[in-house]
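Report on one structure; see the data block that follows.
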Amino acid sequence: MYTHHLHHFISERLLGYHALPLTGSGLNIYNRFMANAAAIDELYNGLYAHHPNKEKCFEQLIDTMVAFAKARNQRLVAKDEQKLTKGNWYLSNEIVGMSLYVDRFCGSIKNLAQRLDYFEELGVNLLHLMPVFESPENESDGGYAVSDFRNVDKRFGTNKDLDTLQTSMESKGMYLMLDIVFNHTSERHEWARKARQGDAHYQQFFYMYSDRELPDAFEKTMPEIFPESAPGSFTYVPECNKWVMTVFHNYQWDLNFGNPAVLVAMMENVFYSANLGVDILRIDAPAFIWKQLGTSCQNLPQAHQLLQLLKHCVNVVAPGMALLGEAIVAPQEIMKYFGTGKYAEQECDFAYNATLMALQWDALATKDVRILKKAVLEVLPKPYGTTWITYTRCHDDIGLGYDDKYITEAGFNAFEHRKFLKNYYGGDYVASPAIGALFGYNPKTQDARISGSLASLCGLEKALALKDKIFIKASLNKMMMMQAFTFFVGGVPMLFYGDEMAYTNDYSYQADAGKSYDNRWMHRPVINWEKNDRRKIKGSLEEQIFTQYQHLIYCRKSLAALADINNLEWLDTGNNHVAGFIRRTAKQVLYCFFNFDEDETGISWQLLKEARNEGGDLYDYWNKIKVTAGADDEHLIIRGYGFNVLEITLPTGD
Ligand code: GLC
């Protein structure tokens, strides 16, 4: 939409004040500004129309965008162009990611740059580096309490090291994902320090109150995020005698995006990351970025407008950078992060499929996929061009965030069911093979999430202690089945470092004062490279598991139907232990089945009629065998904790 006043203003700013040349990349910047101006204006005014500084801050926002767009280096500009030509480059089946803590993985960013061949050997080509910017050593929430958004923490190396790493990753065709911790800063960030000293300008960067009246009113409706380690949502700051909003830990101060100066300051940090060469920017905790009295202060419409605004600004400055919204919220809420209404597909390009992840853990514990089958439909209809990060484990806890109604519809008692899951994974059920722990237990609501590594939750820790070979094999099968589900269901699979080597829980965090209050550290291992090098020893546990991951990644990259073109069709397998879906393109049909039970089971060939119609031959990619479709009264047999990825051989039409 063309608005004379707005376009004239932007044009003047770009061509006059900034003397942007209307040639080459200058012209591209100009065009992108013009294309996104109306949306930026509308979204900005939707949030700040009544703010006294709205005009000044709007001008600053535009100026910041021009400055960063002009400063973007030519290599990245060329990469943006390539990505735009490909169109939705991130939907590809050829991307496989891994999240890792640089220091725990290999010490430093410099060392990481030396280890890129490890990822190449595995097949991983997207790295999510857990926060690397400055954060206070013992009060960092794993780096999610940032004290300087532009300076790499010396624990990990230097800005130069990061730049070198990015360049070598790029030369190998690898993608980089970093976080922007958008919702809060560390209490040691310059803005917070100034606010603490009484600077009124910076006090308005946060939610600060002189007495408990508003904090008490807010807390009436705000759920607690870390009820055990950081109860409540406000922290008293004695130096200025004020209460500041701290939704997460008391050292993480929530930014007040109701103030447009905060928007401008944080957008500068977004663009700074973009110009480092980030391919996917993970927006931390976006559900929380807008607060309103009397609400849960999560998933508010303004939070979505803010993200849509961010998206349009990024379209101008760094059009090749995709956005991942780290909203770990209920299924009906998560879909909104892809954008709605006229901004559908204009918000986050990625969201985490936390619902699916949690449902997998549900099915694994109960050996029953009925709840999963019902609840997954809620996370199906997303706009074309958007996709998921799929995962079985990450650095955070597993929240059982799906609605009770699905549990009831599947025929279970919701309270008892959740209690069983907590006991099964949390260590209170003797017969459970899993070793994990409850995280964030809230005695008031009885809510709890789960900590533990993939391997330990799948029984490996217990099996190794018992030296039970059968049990060990079953745990490995479980891990691979869980991962395969994540790999084939649609979206970019994100492994968590250490899982490719089946690391079990690491309890060393208990002796570290900066970590002992947070049991999520049990599943954030310190890599022992002697162990990892055992992958080269034939027959070792490490070799077995690493090779299986390599094969899994190979399967994903070979199967074009796994690219996320919204081509997921869930199947009713007629078997409560087996989840199944089809991934289909005009050229390829894949049937995927996953047995969540320890015993062998079967599904009727009737379900795969299409295979017979096409000539009866299927290729099982995982097991590398040809399979011939059976008759309707026969069954495709799936071993305990096994899975099949069956391609129907379609006639070539020659
Ligand atoms: C995100 C991070 C989590 C962190 C929280 C607060 O959810 O994944 O680790 O504790 O944000 O920053």
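The way I read the labels, and the way they are meant: chains A, B, ... in the order of the structure tokens, residue 1 as the first residue of every chain, and ligand 1 as the first ligand shown, with later ones counted on from there.
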
- Message: Report as a PyMOL selection string all protein, DNA and RNA residues lying within 8 Å of Cys394 (chain A), evaluated on only C-alpha atoms, omitting residues in the same chain fewer than 5 positions from it.
- Response: chain A and resi 99+495-496

- Query: What are the DSSP strand (DSSP E) residues of region 69-264 of chain A, as JSON, numbers by chain?
  - Reply: {"A": [97, 98, 99, 100, 126, 127, 128, 129, 133, 134, 148, 149, 150, 151, 152, 175, 176, 177, 178, 179, 180, 184, 185, 186, 208, 209, 234, 235, 236, 237, 242, 243, 244, 245, 252, 253, 254]}

So that I have them on file, write out the residues from the current selection with N, CA, C and O atoms, as a compact mmCIF listing (two decimals), in the first residue's frame.
```txt
# COMPACT_ATOMS: atom_id res chain seq x y z
N GLY A 97 20.40 -29.72 11.91
CA GLY A 97 21.08 -28.85 12.86
C GLY A 97 21.54 -29.54 14.13
O GLY A 97 21.13 -30.66 14.44
N MET A 98 22.39 -28.82 14.84
CA MET A 98 22.79 -29.26 16.19
C MET A 98 22.96 -28.03 17.07
O MET A 98 23.55 -27.04 16.66
N SER A 99 22.41 -28.10 18.28
CA SER A 99 22.59 -27.04 19.28
C SER A 99 23.72 -27.44 20.20
O SER A 99 23.78 -28.60 20.62
N LEU A 100 24.56 -26.49 20.57
CA LEU A 100 25.65 -26.85 21.49
C LEU A 100 26.12 -25.65 22.29
O LEU A 100 26.00 -24.50 21.86
N LEU A 126 23.99 -27.16 10.18
CA LEU A 126 23.46 -25.95 10.83
C LEU A 126 23.88 -26.02 12.29
O LEU A 126 23.60 -27.03 12.96
N LEU A 127 24.55 -24.99 12.77
CA LEU A 127 24.95 -25.00 14.18
C LEU A 127 24.23 -23.91 14.94
O LEU A 127 24.26 -22.75 14.54
N HIS A 128 23.57 -24.31 16.00
CA HIS A 128 23.00 -23.33 16.92
C HIS A 128 23.96 -23.22 18.10
O HIS A 128 24.08 -24.16 18.89
N LEU A 129 24.66 -22.09 18.18
CA LEU A 129 25.55 -21.89 19.32
C LEU A 129 24.72 -21.29 20.43
O LEU A 129 24.11 -20.23 20.27
N PHE A 133 27.32 -14.30 23.87
CA PHE A 133 27.63 -12.91 24.23
C PHE A 133 27.79 -12.79 25.75
O PHE A 133 27.38 -13.68 26.50
N GLU A 134 28.40 -11.65 26.14
CA GLU A 134 28.76 -11.49 27.54
C GLU A 134 27.60 -11.72 28.50
O GLU A 134 26.51 -11.17 28.31
N ASP A 148 26.04 -7.82 27.54
CA ASP A 148 26.45 -7.02 26.39
C ASP A 148 26.10 -7.81 25.13
O ASP A 148 26.66 -8.89 24.89
N PHE A 149 25.18 -7.26 24.34
CA PHE A 149 24.67 -7.98 23.16
C PHE A 149 25.65 -7.95 21.98
O PHE A 149 25.37 -8.53 20.93
N ARG A 150 26.74 -7.19 22.14
CA ARG A 150 27.64 -7.04 20.99
C ARG A 150 29.03 -7.62 21.22
O ARG A 150 29.89 -7.50 20.36
N ASN A 151 29.26 -8.12 22.42
CA ASN A 151 30.61 -8.58 22.74
C ASN A 151 30.61 -10.05 23.10
O ASN A 151 29.95 -10.46 24.06
N VAL A 152 31.37 -10.84 22.37
CA VAL A 152 31.48 -12.26 22.71
C VAL A 152 32.14 -12.36 24.08
O VAL A 152 33.10 -11.64 24.36
N TYR A 175 25.25 -23.46 7.95
CA TYR A 175 24.46 -22.31 8.42
C TYR A 175 24.69 -22.08 9.91
O TYR A 175 24.91 -23.01 10.68
N LEU A 176 24.55 -20.80 10.29
CA LEU A 176 24.77 -20.41 11.69
C LEU A 176 23.47 -19.89 12.32
O LEU A 176 22.77 -19.08 11.73
N MET A 177 23.20 -20.37 13.51
CA MET A 177 22.05 -19.86 14.26
C MET A 177 22.54 -19.32 15.60
O MET A 177 23.31 -19.98 16.28
N LEU A 178 22.13 -18.10 15.92
CA LEU A 178 22.45 -17.51 17.22
C LEU A 178 21.17 -17.01 17.87
O LEU A 178 20.16 -16.82 17.19
N ASP A 179 21.27 -16.73 19.15
CA ASP A 179 20.11 -16.21 19.89
C ASP A 179 20.13 -14.71 19.97
O ASP A 179 21.19 -14.10 20.06
N ILE A 180 18.95 -14.12 20.02
CA ILE A 180 18.83 -12.76 20.53
C ILE A 180 17.91 -12.89 21.74
O ILE A 180 16.77 -13.34 21.61
N HIS A 184 14.68 -9.93 27.94
CA HIS A 184 15.29 -9.39 29.16
C HIS A 184 16.79 -9.20 28.99
O HIS A 184 17.38 -9.70 28.05
N THR A 185 17.37 -8.47 29.94
CA THR A 185 18.83 -8.37 29.97
C THR A 185 19.28 -8.90 31.33
O THR A 185 18.47 -9.10 32.24
N SER A 186 20.58 -9.06 31.44
CA SER A 186 21.15 -9.38 32.75
C SER A 186 21.05 -8.11 33.61
O SER A 186 21.07 -7.00 33.08
N MET A 208 9.72 -0.96 36.36
CA MET A 208 10.19 -0.66 37.72
C MET A 208 9.13 0.11 38.49
O MET A 208 8.55 1.06 37.95
N TYR A 209 8.89 -0.29 39.71
CA TYR A 209 7.85 0.35 40.51
C TYR A 209 8.38 0.65 41.92
O TYR A 209 9.16 -0.12 42.47
N PHE A 234 8.79 -10.42 40.45
CA PHE A 234 9.44 -9.13 40.71
C PHE A 234 10.58 -9.31 41.71
O PHE A 234 10.55 -10.21 42.54
N THR A 235 11.58 -8.44 41.59
CA THR A 235 12.72 -8.50 42.50
C THR A 235 12.97 -7.09 43.06
O THR A 235 12.90 -6.11 42.31
N TYR A 236 13.27 -7.03 44.33
CA TYR A 236 13.54 -5.74 44.96
C TYR A 236 14.97 -5.30 44.65
O TYR A 236 15.91 -6.10 44.73
N VAL A 237 15.12 -4.02 44.27
CA VAL A 237 16.45 -3.48 43.98
C VAL A 237 16.77 -2.43 45.04
O VAL A 237 16.29 -1.29 44.95
N LYS A 242 13.40 0.15 44.41
CA LYS A 242 12.30 -0.13 43.49
C LYS A 242 12.17 -1.63 43.27
O LYS A 242 13.12 -2.39 43.52
N TRP A 243 11.00 -2.01 42.75
CA TRP A 243 10.76 -3.40 42.37
C TRP A 243 10.85 -3.49 40.85
O TRP A 243 10.27 -2.67 40.16
N VAL A 244 11.61 -4.48 40.37
CA VAL A 244 11.74 -4.61 38.92
C VAL A 244 11.15 -5.96 38.50
O VAL A 244 11.26 -6.96 39.23
N MET A 245 10.54 -5.98 37.33
CA MET A 245 9.94 -7.24 36.86
C MET A 245 11.04 -8.20 36.41
O MET A 245 11.91 -7.85 35.62
N GLN A 252 17.50 -11.58 35.76
CA GLN A 252 17.08 -11.31 34.37
C GLN A 252 15.94 -10.28 34.41
O GLN A 252 14.83 -10.61 34.80
N TRP A 253 16.27 -9.07 34.03
CA TRP A 253 15.29 -7.97 34.11
C TRP A 253 14.51 -7.86 32.81
O TRP A 253 15.10 -7.70 31.73
N ASP A 254 13.19 -7.89 32.92
CA ASP A 254 12.36 -7.83 31.71
C ASP A 254 12.39 -6.44 31.07
O ASP A 254 12.20 -5.44 31.76
```

- Task: Please write out the residues within 8 Å of ligand 1 as a list in words, counting only C-alpha atoms and all ligand atoms.
- Result: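 The neighbouring residues of ligand 1 are, in order, Asp141, Gly142, Tyr144, Ala145, Val181, Asn183, His184, Phe248, His249, Gln252, Asp284, Ala285, Glu326, Ala327, Ile328, His395 and Asp396 of chain A.
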
Just want the 12 Å neighbourhood of Glu94 (chain A), counted on only C-alpha atoms, with same-chain residues fewer than 6 positions away dropped. Output as a JSON list (two decimals) with C-alpha atoms, in the first residue's frame.
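Written file, selection.json:
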```json
[["chain", "number", "residue", "atom", "x", "y", "z"],
["A", 123, "GLY", "CA", 26.17, -34.66, 8.26],
["A", 124, "VAL", "CA", 25.15, -31.68, 10.41],
["A", 125, "ASN", "CA", 25.21, -28.39, 8.50],
["A", 126, "LEU", "CA", 23.46, -25.95, 10.83],
["A", 173, "GLY", "CA", 27.99, -24.46, 3.12],
["A", 174, "MET", "CA", 27.04, -24.57, 6.81],
["A", 175, "TYR", "CA", 24.46, -22.31, 8.42],
["A", 487, "PHE", "CA", 13.70, -36.20, 11.40],
["A", 488, "PHE", "CA", 10.86, -37.26, 9.14],
["A", 490, "GLY", "CA", 8.62, -32.12, 8.85],
["A", 491, "GLY", "CA", 10.77, -29.14, 9.75],
["A", 492, "VAL", "CA", 14.46, -28.79, 10.41],
["A", 493, "PRO", "CA", 15.62, -31.40, 12.92],
["A", 552, "LEU", "CA", 19.49, -41.09, 9.65],
["A", 553, "ILE", "CA", 20.90, -37.82, 8.35],
["A", 554, "TYR", "CA", 21.73, -39.44, 5.05],
["A", 555, "CYS", "CA", 18.12, -40.69, 4.72],
["A", 556, "ARG", "CA", 16.72, -37.25, 5.42],
["A", 557, "LYS", "CA", 19.00, -35.54, 2.95],
["A", 558, "SER", "CA", 18.23, -38.10, 0.24],
["A", 559, "LEU", "CA", 14.46, -37.82, 0.47],
["A", 560, "ALA", "CA", 13.09, -34.68, -1.16],
["A", 561, "ALA", "CA", 9.58, -35.36, 0.17],
["A", 562, "LEU", "CA", 10.93, -34.53, 3.64],
["A", 563, "ALA", "CA", 11.32, -30.86, 2.70],
["A", 564, "ASP", "CA", 8.59, -29.02, 4.57]]
```

- Message: Residues within 12 Å of region 330-340 of chain A, please, as a ChimeraX atom specification. Count only C-alpha atoms; anything in the same chain fewer than 5 positions from it doesn't count.
- Response: /A:283,285-287,298-309,311-312,323-325,345-359,374-388,399-404,406

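For the set A:Ala37, A:Ala113, A:Leu650, A:Met267, the residue with the smallest atom-to-atom gap to Ile10 (chain A) is A:Ala37, counting only C-alpha atoms.
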
- Point-to-point distance in Å for CA of Gly157 (chain A) and CA of Met266 (chain A):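 CA of Gly157 (chain A) lies at a distance of 23.3 Å from CA of Met266 (chain A).
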
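If you measure from each of A:Met479, A:Leu607, A:Leu14, A:Leu438 to Leu364 (chain A) using only C-alpha atoms, the closest one turns out to be A:Met479.
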